[in-house]
file run21.pdb (PDB, C-alpha atoms)
MODEL        1
ATOM      1  CA  MET F   1       3.590 -18.655  13.194
ATOM      2  CA  ILE F   2       4.191 -17.444   9.669
ATOM      3  CA  THR F   3       1.961 -18.812   6.905
ATOM      4  CA  PRO F   4       3.233 -19.560   3.365
ATOM      5  CA  PHE F   5       1.125 -16.669   2.083
ATOM      6  CA  GLU F   6       2.773 -14.239   4.486
ATOM      7  CA  ALA F   7       6.238 -15.568   3.639
ATOM      8  CA  VAL F   8       5.748 -15.101  -0.122
ATOM      9  CA  LEU F   9       4.077 -11.715   0.384
ATOM     10  CA  PHE F  10       6.981 -10.606   2.566
ATOM     11  CA  ALA F  11       9.482 -11.640  -0.128
ATOM     12  CA  PHE F  12       7.438  -9.725  -2.721
ATOM     13  CA  VAL F  13       7.243  -6.526  -0.652
ATOM     14  CA  LEU F  14      10.965  -6.711   0.113
ATOM     15  CA  ALA F  15      11.803  -7.201  -3.588
ATOM     16  CA  THR F  16       9.608  -4.262  -4.652
ATOM     17  CA  ALA F  17      11.039  -2.009  -1.937
ATOM     18  CA  ILE F  18      14.657  -2.787  -2.883
ATOM     19  CA  THR F  19      13.919  -2.341  -6.598
ATOM     20  CA  THR F  20      12.214   0.997  -5.889
ATOM     21  CA  ALA F  21      15.343   2.160  -4.100
ATOM     22  CA  LEU F  22      17.778   0.922  -6.764
ATOM     23  CA  LEU F  23      16.130   1.696 -10.110
ATOM     24  CA  ARG F  24      17.622   4.679 -11.914
ATOM     25  CA  ASP F  25      14.785   5.864 -14.159
ATOM     26  CA  VAL F  26      12.249   7.901 -12.136
ATOM     27  CA  LEU F  27       9.310   6.848 -14.320
ATOM     28  CA  SER F  28      10.174   3.179 -13.706
ATOM     29  CA  VAL F  29      10.481   3.904  -9.977
ATOM     30  CA  ILE F  30       6.914   5.272  -9.983
ATOM     31  CA  VAL F  31       5.673   2.091 -11.684
ATOM     32  CA  VAL F  32       7.533  -0.261  -9.356
ATOM     33  CA  PHE F  33       6.392   1.759  -6.343
ATOM     34  CA  ALA F  34       2.800   1.020  -7.404
ATOM     35  CA  ALA F  35       3.666  -2.694  -7.184
ATOM     36  CA  TYR F  36       5.053  -2.124  -3.681
ATOM     37  CA  SER F  37       1.774  -0.440  -2.768
ATOM     38  CA  LEU F  38      -0.143  -3.491  -4.046
ATOM     39  CA  GLY F  39       1.885  -5.732  -1.715
ATOM     40  CA  MET F  40       1.331  -3.478   1.291
ATOM     41  CA  ALA F  41      -2.423  -3.337   0.622
ATOM     42  CA  LEU F  42      -2.454  -7.146   0.598
ATOM     43  CA  PHE F  43      -0.593  -7.147   3.922
ATOM     44  CA  TYR F  44      -3.150  -4.807   5.493
ATOM     45  CA  ALA F  45      -5.984  -6.920   4.111
ATOM     46  CA  PHE F  46      -4.404 -10.126   5.427
ATOM     47  CA  LEU F  47      -3.971  -8.574   8.895
ATOM     48  CA  LEU F  48      -7.720  -7.769   8.792
ATOM     49  CA  ALA F  49      -7.407  -3.973   8.547
ATOM     50  CA  PRO F  50      -9.716  -3.449   5.544
ATOM     51  CA  ASP F  51      -9.999   0.309   6.107
ATOM     52  CA  VAL F  52      -6.219   0.768   5.919
ATOM     53  CA  ALA F  53      -6.056  -1.554   2.894
ATOM     54  CA  MET F  54      -8.782   0.486   1.196
ATOM     55  CA  THR F  55      -6.831   3.708   1.810
ATOM     56  CA  GLU F  56      -3.629   2.120   0.535
ATOM     57  CA  ALA F  57      -5.497   0.959  -2.575
ATOM     58  CA  ALA F  58      -6.892   4.411  -3.284
ATOM     59  CA  ILE F  59      -3.725   6.361  -2.434
ATOM     60  CA  GLY F  60      -1.127   3.893  -3.708
ATOM     61  CA  ALA F  61      -2.744   2.845  -6.968
ATOM     62  CA  GLY F  62      -4.351   6.156  -7.834
ATOM     63  CA  VAL F  63      -3.265   9.359  -6.169
ATOM     64  CA  THR F  64       0.468   8.765  -5.587
ATOM     65  CA  THR F  65       1.121   7.776  -9.202
ATOM     66  CA  LEU F  66      -0.731  10.799 -10.534
ATOM     67  CA  LEU F  67       0.934  13.250  -8.125
ATOM     68  CA  LEU F  68       4.408  11.857  -8.856
ATOM     69  CA  LEU F  69       3.747  12.009 -12.617
ATOM     70  CA  LEU F  70       2.509  15.595 -12.305
ATOM     71  CA  THR F  71       5.764  16.398 -10.500
ATOM     72  CA  LEU F  72       7.806  14.547 -13.116
ATOM     73  CA  VAL F  73       6.255  16.674 -15.868
ATOM     74  CA  GLN F  74       7.809  19.771 -14.282
ATOM     75  CA  THR F  75      11.293  18.265 -14.094
ATOM     76  CA  VAL F  76      13.969  17.091 -16.520
ATOM     77  CA  ARG F  77      15.008  13.452 -16.689
ATOM     78  CA  GLU F  78      18.617  12.471 -17.112
ATOM     79  CA  ASP F  79      18.982   9.858 -19.805
ATOM     80  CA  ASP F  80      21.706   7.304 -19.300
ATOM     81  CA  ASN F  81      21.918   3.616 -19.998
ATOM     82  CA  ARG F  82      22.318   2.223 -16.501
ATOM     83  CA  THR F  83      19.267   0.389 -15.204
ATOM     84  CA  PHE F  84      20.250   0.423 -11.546
ATOM     85  CA  GLU F  85      21.660   3.069  -9.269
ATOM     86  CA  GLN F  86      25.251   2.530  -8.144
ATOM     87  CA  LEU F  87      25.439   1.535  -4.493
ATOM     88  CA  ASN F  88      27.043   3.945  -2.069
ATOM     89  CA  ILE F  89      29.105   1.639   0.177
ATOM     90  CA  PRO F  90      29.488   3.963   3.237
ATOM     91  CA  ALA F  91      25.748   4.704   3.195
ATOM     92  CA  LEU F  92      25.075   0.969   2.925
ATOM     93  CA  VAL F  93      27.258   0.295   5.991
ATOM     94  CA  VAL F  94      25.425   2.973   8.023
ATOM     95  CA  PHE F  95      22.086   1.542   6.872
ATOM     96  CA  GLY F  96      23.172  -1.989   7.868
ATOM     97  CA  ALA F  97      24.217  -0.807  11.327
ATOM     98  CA  LEU F  98      20.884   0.990  11.776
ATOM     99  CA  LEU F  99      19.033  -2.127  10.642
ATOM    100  CA  VAL F 100      20.867  -4.288  13.196
ATOM    101  CA  VAL F 101      20.044  -1.831  15.998
ATOM    102  CA  LEU F 102      16.356  -1.636  14.982
ATOM    103  CA  VAL F 103      15.993  -5.420  14.735
ATOM    104  CA  ALA F 104      17.681  -5.767  18.150
ATOM    105  CA  THR F 105      15.027  -3.495  19.688
ATOM    106  CA  LEU F 106      12.222  -5.615  18.162
ATOM    107  CA  THR F 107      12.504  -8.271  20.873
ATOM    108  CA  GLU F 108      12.158  -5.626  23.606
ATOM    109  CA  PHE F 109       8.690  -4.551  22.496
ATOM    110  CA  PRO F 110       5.943  -5.210  25.052
ATOM    111  CA  GLU F 111       3.449  -7.891  24.048
ATOM    112  CA  ALA F 112       0.701  -5.416  23.131
ATOM    113  CA  VAL F 113      -1.708  -7.580  21.132
ATOM    114  CA  GLY F 114      -3.983  -9.651  23.332
ATOM    115  CA  SER F 115      -2.217  -8.586  26.534
ATOM    116  CA  ALA F 116      -4.387  -8.348  29.652
ATOM    117  CA  ASP F 117      -2.462  -5.198  30.673
ATOM    118  CA  ALA F 118      -3.324  -3.304  27.482
ATOM    119  CA  PRO F 119      -5.194  -0.052  28.271
ATOM    120  CA  ALA F 120      -8.297  -1.303  26.469
ATOM    121  CA  TRP F 121      -8.605  -4.204  28.926
ATOM    122  CA  SER F 122      -7.159  -2.707  32.119
ATOM    123  CA  ASN F 123      -9.959  -0.093  32.092
ATOM    124  CA  PRO F 124     -12.988  -2.267  31.384
ATOM    125  CA  ALA F 125     -15.375   0.432  32.657
ATOM    126  CA  VAL F 126     -14.427   2.796  29.815
ATOM    127  CA  THR F 127     -14.473   0.149  27.068
ATOM    128  CA  GLN F 128     -17.725  -1.306  28.357
ATOM    129  CA  TYR F 129     -19.361   2.139  28.393
ATOM    130  CA  TYR F 130     -18.807   2.568  24.660
ATOM    131  CA  ILE F 131     -19.940  -0.970  23.873
ATOM    132  CA  GLU F 132     -23.142  -0.589  25.874
ATOM    133  CA  ASN F 133     -24.104   3.034  25.197
ATOM    134  CA  ALA F 134     -22.669   3.866  21.772
ATOM    135  CA  PHE F 135     -25.890   3.047  19.923
ATOM    136  CA  ALA F 136     -28.192   4.704  22.456
ATOM    137  CA  ASP F 137     -26.030   7.866  22.589
ATOM    138  CA  THR F 138     -25.324   8.398  18.915
ATOM    139  CA  GLY F 139     -27.700   6.155  16.976
ATOM    140  CA  VAL F 140     -24.801   4.770  14.931
ATOM    141  CA  MET F 141     -24.680   0.965  14.509
ATOM    142  CA  ASN F 142     -20.877   0.634  14.255
ATOM    143  CA  ALA F 143     -19.190   1.380  17.603
ATOM    144  CA  VAL F 144     -15.920   2.490  15.972
ATOM    145  CA  THR F 145     -17.789   4.916  13.709
ATOM    146  CA  ALA F 146     -19.761   6.121  16.723
ATOM    147  CA  VAL F 147     -16.537   6.964  18.576
ATOM    148  CA  LEU F 148     -14.962   8.641  15.545
ATOM    149  CA  ALA F 149     -17.943  10.643  14.344
ATOM    150  CA  GLY F 150     -19.873  10.984  17.615
ATOM    151  CA  TYR F 151     -17.818  11.087  20.807
ATOM    152  CA  ARG F 152     -14.749  12.431  19.000
ATOM    153  CA  GLY F 153     -16.801  14.450  16.522
ATOM    154  CA  PHE F 154     -14.922  17.729  17.012
ATOM    155  CA  ASP F 155     -11.589  15.949  16.654
ATOM    156  CA  THR F 156     -12.698  14.356  13.389
ATOM    157  CA  PHE F 157     -14.125  17.700  12.255
ATOM    158  CA  GLY F 158     -10.714  19.289  12.869
ATOM    159  CA  GLU F 159      -9.037  16.555  10.830
ATOM    160  CA  ALA F 160     -11.524  17.098   8.016
ATOM    161  CA  VAL F 161     -10.713  20.831   8.058
ATOM    162  CA  VAL F 162      -6.977  20.045   7.801
ATOM    163  CA  VAL F 163      -7.531  17.658   4.870
ATOM    164  CA  PHE F 164      -9.810  20.196   3.166
ATOM    165  CA  ALA F 165      -7.200  22.949   3.623
ATOM    166  CA  ALA F 166      -4.520  20.675   2.162
ATOM    167  CA  GLY F 167      -6.734  19.876  -0.831
ATOM    168  CA  VAL F 168      -7.491  23.553  -1.486
ATOM    169  CA  SER F 169      -3.773  24.404  -1.180
ATOM    170  CA  ILE F 170      -2.868  21.728  -3.735
ATOM    171  CA  LEU F 171      -5.506  23.059  -6.130
ATOM    172  CA  ILE F 172      -4.159  26.615  -5.703
ATOM    173  CA  VAL F 173      -0.552  25.497  -6.310
ATOM    174  CA  LEU F 174      -1.450  23.370  -9.337
ATOM    175  CA  GLY F 175      -3.656  26.119 -10.723
ATOM    176  CA  ARG F 176      -0.811  28.610 -10.442
ATOM    177  CA  GLU F 177       1.589  26.234 -12.237
ATOM    178  CA  VAL F 178      -0.825  25.876 -15.124
ATOM    179  CA  PHE F 179      -1.419  29.631 -15.158
ATOM    180  CA  THR F 180       2.278  30.562 -15.369
ATOM    181  CA  SER F 181       3.122  27.943 -17.984
ATOM    182  CA  GLU F 182       0.540  29.175 -20.431
TER     183      GLU F 182
ATOM    184  CA  MET R   1       2.919 -28.799   3.353
ATOM    185  CA  PRO R   2       6.179 -27.566   4.830
ATOM    186  CA  VAL R   3       4.619 -24.892   7.002
ATOM    187  CA  ALA R   4       1.402 -25.194   9.006
ATOM    188  CA  PHE R   5      -1.543 -23.002   8.040
ATOM    189  CA  ILE R   6      -3.512 -20.910  10.495
ATOM    190  CA  THR R   7      -6.409 -23.300  10.824
ATOM    191  CA  GLY R   8      -7.002 -26.988  10.270
ATOM    192  CA  ASP R   9     -10.071 -26.198   8.183
ATOM    193  CA  LEU R  10      -9.652 -27.636   4.676
ATOM    194  CA  VAL R  11     -11.606 -24.976   2.760
ATOM    195  CA  THR R  12      -9.716 -22.138   4.450
ATOM    196  CA  ASP R  13      -6.419 -23.893   3.764
ATOM    197  CA  VAL R  14      -7.255 -24.307   0.079
ATOM    198  CA  PHE R  15      -8.188 -20.632  -0.291
ATOM    199  CA  LEU R  16      -5.120 -19.392   1.573
ATOM    200  CA  GLY R  17      -2.885 -21.874  -0.251
ATOM    201  CA  ALA R  18      -4.229 -20.640  -3.588
ATOM    202  CA  ALA R  19      -3.554 -17.071  -2.444
ATOM    203  CA  ALA R  20       0.032 -18.069  -1.618
ATOM    204  CA  LEU R  21       0.446 -19.608  -5.104
ATOM    205  CA  PHE R  22      -0.889 -16.426  -6.723
ATOM    206  CA  MET R  23       1.607 -14.522  -4.592
ATOM    207  CA  LEU R  24       4.416 -16.694  -6.038
ATOM    208  CA  LEU R  25       3.054 -15.822  -9.468
ATOM    209  CA  ALA R  26       3.244 -12.141  -8.486
ATOM    210  CA  ILE R  27       6.974 -12.504  -7.834
ATOM    211  CA  ALA R  28       7.399 -14.092 -11.280
ATOM    212  CA  MET R  29       5.547 -11.120 -12.800
ATOM    213  CA  PHE R  30       7.652  -8.718 -10.807
ATOM    214  CA  TYR R  31      10.742 -10.090 -12.567
ATOM    215  CA  ARG R  32       9.509  -8.303 -15.706
ATOM    216  CA  ALA R  33       9.048  -5.080 -13.724
ATOM    217  CA  ILE R  34      12.667  -5.256 -12.548
ATOM    218  CA  LYS R  35      14.162  -6.389 -15.856
ATOM    219  CA  GLY R  36      12.304  -3.848 -17.961
ATOM    220  CA  PRO R  37      13.903  -2.985 -20.330
ATOM    221  CA  THR R  38      11.425  -0.237 -21.265
ATOM    222  CA  THR R  39       8.995   1.586 -19.007
ATOM    223  CA  GLN R  40       6.118   0.142 -21.035
ATOM    224  CA  ASP R  41       7.181  -3.365 -19.974
ATOM    225  CA  ARG R  42       7.111  -2.253 -16.365
ATOM    226  CA  VAL R  43       3.693  -0.583 -16.682
ATOM    227  CA  LEU R  44       2.282  -3.759 -18.192
ATOM    228  CA  ALA R  45       3.885  -5.924 -15.499
ATOM    229  CA  VAL R  46       2.432  -3.800 -12.690
ATOM    230  CA  ASN R  47      -0.951  -3.726 -14.431
ATOM    231  CA  VAL R  48      -1.022  -7.542 -14.487
ATOM    232  CA  LEU R  49       0.133  -7.486 -10.858
ATOM    233  CA  GLY R  50      -2.872  -5.310 -10.044
ATOM    234  CA  THR R  51      -5.251  -7.805 -11.627
ATOM    235  CA  ASN R  52      -3.451 -10.545  -9.718
ATOM    236  CA  THR R  53      -3.943  -8.566  -6.504
ATOM    237  CA  VAL R  54      -7.691  -8.385  -7.091
ATOM    238  CA  VAL R  55      -7.787 -12.211  -7.333
ATOM    239  CA  ILE R  56      -5.648 -12.594  -4.185
ATOM    240  CA  LEU R  57      -7.892 -10.183  -2.269
ATOM    241  CA  ALA R  58     -10.986 -12.158  -3.314
ATOM    242  CA  LEU R  59      -9.312 -15.430  -2.217
ATOM    243  CA  LEU R  60      -8.295 -13.879   1.105
ATOM    244  CA  GLY R  61     -11.816 -12.589   1.609
ATOM    245  CA  ALA R  62     -13.192 -16.092   1.096
ATOM    246  CA  GLY R  63     -10.456 -17.807   3.127
ATOM    247  CA  LEU R  64     -10.547 -15.490   6.131
ATOM    248  CA  GLY R  65     -14.338 -15.101   6.031
ATOM    249  CA  GLU R  66     -14.079 -11.337   5.556
ATOM    250  CA  PRO R  67     -16.523 -10.138   2.869
ATOM    251  CA  SER R  68     -15.265  -6.575   3.382
ATOM    252  CA  LEU R  69     -12.050  -7.528   1.553
ATOM    253  CA  LEU R  70     -14.154  -7.740  -1.621
ATOM    254  CA  ASP R  71     -14.722  -3.970  -1.328
ATOM    255  CA  ILE R  72     -10.961  -3.439  -1.446
ATOM    256  CA  ALA R  73     -10.754  -5.775  -4.443
ATOM    257  CA  LEU R  74     -13.398  -3.632  -6.166
ATOM    258  CA  VAL R  75     -11.507  -0.419  -5.404
ATOM    259  CA  TYR R  76      -8.353  -1.969  -6.837
ATOM    260  CA  ALA R  77     -10.140  -3.214  -9.940
ATOM    261  CA  LEU R  78     -11.493   0.309 -10.473
ATOM    262  CA  LEU R  79      -8.195   2.096  -9.860
ATOM    263  CA  ASN R  80      -5.852  -0.392 -11.534
ATOM    264  CA  PHE R  81      -6.236   1.050 -15.026
ATOM    265  CA  LEU R  82      -5.579   4.579 -13.786
ATOM    266  CA  MET R  83      -1.810   4.202 -13.566
ATOM    267  CA  ALA R  84      -1.554   2.574 -16.996
ATOM    268  CA  VAL R  85      -3.663   5.325 -18.574
ATOM    269  CA  ALA R  86      -1.741   8.106 -16.819
ATOM    270  CA  ILE R  87       1.683   6.750 -17.785
ATOM    271  CA  SER R  88       0.607   5.981 -21.348
ATOM    272  CA  LYS R  89      -0.646   9.523 -21.720
ATOM    273  CA  PHE R  90       2.559  10.799 -20.111
ATOM    274  CA  THR R  91       4.682   8.883 -22.648
ATOM    275  CA  VAL R  92       2.704   9.857 -25.730
ATOM    276  CA  GLU R  93       2.214  13.546 -25.024
ATOM    277  CA  ARG R  94       4.828  14.561 -22.507
ATOM    278  CA  GLY R  95       3.221  16.804 -19.925
ATOM    279  CA  GLY R  96      -0.330  15.560 -20.348
ATOM    280  CA  VAL R  97      -1.167  13.439 -17.338
ATOM    281  CA  LEU R  98      -4.727  14.289 -16.369
TER     282      LEU R  98
ENDMDL
END

call {"tool": "encode", "arguments": {"input": "run21.pdb", "output": "structure tokens"}}
result
Amino acid sequence: MITPFEAVLFAFVLATAITTALLRDVLSVIVVFAAYSLGMALFYAFLLAPDVAMTEAAIGAGVTTLLLLLTLVQTVREDDNRTFEQLNIPALVVFGALLVVLVATLTEFPEAVGSADAPAWSNPAVTQYYIENAFADTGVMNAVTAVLAGYRGFDTFGEAVVVFAAGVSILIVLGREVFTSE
Amino acid sequence: MPVAFITGDLVTDVFLGAAALFMLLAIAMFYRAIKGPTTQDRVLAVNVLGTNTVVILALLGAGLGEPSLLDIALVYALLNFLMAVAISKFTVERGGVL
């Protein structure tokens, strides 16, 4: 059952996505893409995934805009008077065909949410272990946090190392750009 | 109401209905972002959209009984000005973003 809020939000996200694809000026695309990010964050919030919505808020509203602008500084913008990109008809036909195929596969998806056969429910011993022992084992109140930072601590540590390496690499690259331009 | 809401609860319906109306308003604002004609118009439109999003998030938080959504609203309120500042700086002194 689709609520009015979802329906309007869906229309908004669709409009922002299409505009992002069609606008000609890159600076305008960056701005409109921020609006798309706002819509997606609302979707995540409405579907009760506050952590994903928080990430989308931080990345979409802050980091993406800044990174894209930093990239734009290094490039040259073509100045012409058209507001919208001209549509490539063959590409549009291919895209339409792909869309039809993807929508056709939608109905074949297994009913994952709330299904009694989902792995989380078909192995109650495993799920129950975490629910019962997470606090005693790790001393963390939130069971999800306990799994992420306790039971899967090394995995999360590895992810943190990857993110740290990516951050350092970006700083090195940006630093070099500044260094050569001066 | 043409479409049924999630719950029969009146307060929830009012909050979610208000959120839906604000969402309609967002589409009206987005018209300016599409039409332009200058980038400044678009920046302003998306900035207002961001403020609108904060209100919608607060309404959703109240309607769905999820106080954690207020945290997201706070993050958005804090980060919303960032894009406007960055693009303004970009337009005035080309190359100066940060």

call {"tool": "resolve_selection", "arguments": {"input": "run21.pdb", "expression": "the PyMOL selection byres ((chain F) within 8 of (chain R))", "output": "VMD selection string"}}
result
chain F and resid 1 to 6 8 to 9 12 16 19 27 to 28 31 to 32 34 to 35 38 42 45 to 46 48 50 53 to 54 57 to 58 61 to 62 65 to 66 69 to 70 73 to 74

call {"tool": "atom_distance", "arguments": {"input": "run21.pdb", "atom1": "CA of Val147 (chain F)", "atom2": "CA of Glu159 (chain F)"}}
result
14.4 Å

call {"tool": "atom_distance", "arguments": {"input": "run21.pdb", "atom1": "CA of Gly39 (chain F)", "atom2": "CA of Ala7 (chain F)"}}
result
12.0 Å

call {"tool": "atom_distance", "arguments": {"input": "run21.pdb", "atom1": "CA of Ala11 (chain F)", "atom2": "CA of Ala41 (chain F)"}}
result
14.5 Å

call {"tool": "closest_residue", "arguments": {"input": "run21.pdb", "among": "F:Asn88, F:Thr71, F:Leu174, F:Tyr44", "to": "Glu56 (chain F)", "atoms": "all atoms listed in the file"}}
result
F:Tyr44

call {"tool": "residues_around", "arguments": {"input": "run21.pdb", "residues": "Arg24 (chain F)", "least_positions_apart": "2", "cutoff": "9 Å", "atoms": "all atoms listed in the file", "output": "ChimeraX atom specification"}}
result
/F:20-22,26-29,80,82-86

call {"tool": "axis_aligned_box", "arguments": {"input": "run21.pdb", "around": "region 11-15 of chain R", "padding_each_side": "6 Å", "output": "JSON"}}
result
{"center_x": -9.0, "center_y": -22.8, "center_z": 2.1, "size_x": 17.2, "size_y": 16.3, "size_z": 16.7}

call {"tool": "decode", "arguments": {"input": "run21.pdb", "residues": "region 18-58 of chain R", "atoms": "C-alpha atoms", "output": "mmCIF file, in the first residue's frame"}}
result
data_model
loop_
_atom_site.group_PDB
_atom_site.id
_atom_site.type_symbol
_atom_site.label_atom_id
_atom_site.label_comp_id
_atom_site.auth_asym_id
_atom_site.auth_seq_id
_atom_site.Cartn_x
_atom_site.Cartn_y
_atom_site.Cartn_z
ATOM 1 C CA ALA R 18 1.334 17.379 6.550
ATOM 2 C CA ALA R 19 4.582 15.736 5.429
ATOM 3 C CA ALA R 20 2.914 14.812 2.127
ATOM 4 C CA LEU R 21 1.751 18.434 1.657
ATOM 5 C CA PHE R 22 5.279 19.708 2.335
ATOM 6 C CA MET R 23 6.478 17.186 -0.233
ATOM 7 C CA LEU R 24 4.058 18.714 -2.783
ATOM 8 C CA LEU R 25 5.543 22.083 -1.877
ATOM 9 C CA ALA R 26 9.000 20.617 -2.551
ATOM 10 C CA ILE R 27 7.950 19.772 -6.109
ATOM 11 C CA ALA R 28 6.732 23.360 -6.578
ATOM 12 C CA MET R 29 10.129 24.598 -5.350
ATOM 13 C CA PHE R 30 11.897 22.173 -7.623
ATOM 14 C CA TYR R 31 10.251 23.889 -10.603
ATOM 15 C CA ARG R 32 12.575 26.842 -9.939
ATOM 16 C CA ALA R 33 15.573 24.490 -9.815
ATOM 17 C CA ILE R 34 14.663 23.110 -13.247
ATOM 18 C CA LYS R 35 13.698 26.431 -14.829
ATOM 19 C CA GLY R 36 16.743 28.304 -13.578
ATOM 20 C CA PRO R 37 17.604 30.429 -15.491
ATOM 21 C CA THR R 38 20.814 31.159 -13.561
ATOM 22 C CA THR R 39 22.734 28.848 -11.258
ATOM 23 C CA GLN R 40 22.035 31.235 -8.378
ATOM 24 C CA ASP R 41 18.300 30.573 -8.786
ATOM 25 C CA ARG R 42 18.974 26.862 -8.578
ATOM 26 C CA VAL R 43 21.212 27.184 -5.502
ATOM 27 C CA LEU R 44 18.513 29.186 -3.750
ATOM 28 C CA ALA R 45 15.810 26.700 -4.757
ATOM 29 C CA VAL R 46 17.797 23.739 -3.415
ATOM 30 C CA ASN R 47 18.635 25.676 -0.248
ATOM 31 C CA VAL R 48 14.917 26.235 0.411
ATOM 32 C CA LEU R 49 14.352 22.562 -0.420
ATOM 33 C CA GLY R 50 16.883 21.671 2.269
ATOM 34 C CA THR R 51 15.021 23.721 4.861
ATOM 35 C CA ASN R 52 11.815 22.072 3.682
ATOM 36 C CA THR R 53 13.454 18.666 4.136
ATOM 37 C CA VAL R 54 14.319 19.472 7.745
ATOM 38 C CA VAL R 55 10.618 20.218 8.414
ATOM 39 C CA ILE R 56 9.517 17.012 6.642
ATOM 40 C CA LEU R 57 12.022 14.951 8.640
ATOM 41 C CA ALA R 58 10.723 16.448 11.902
#
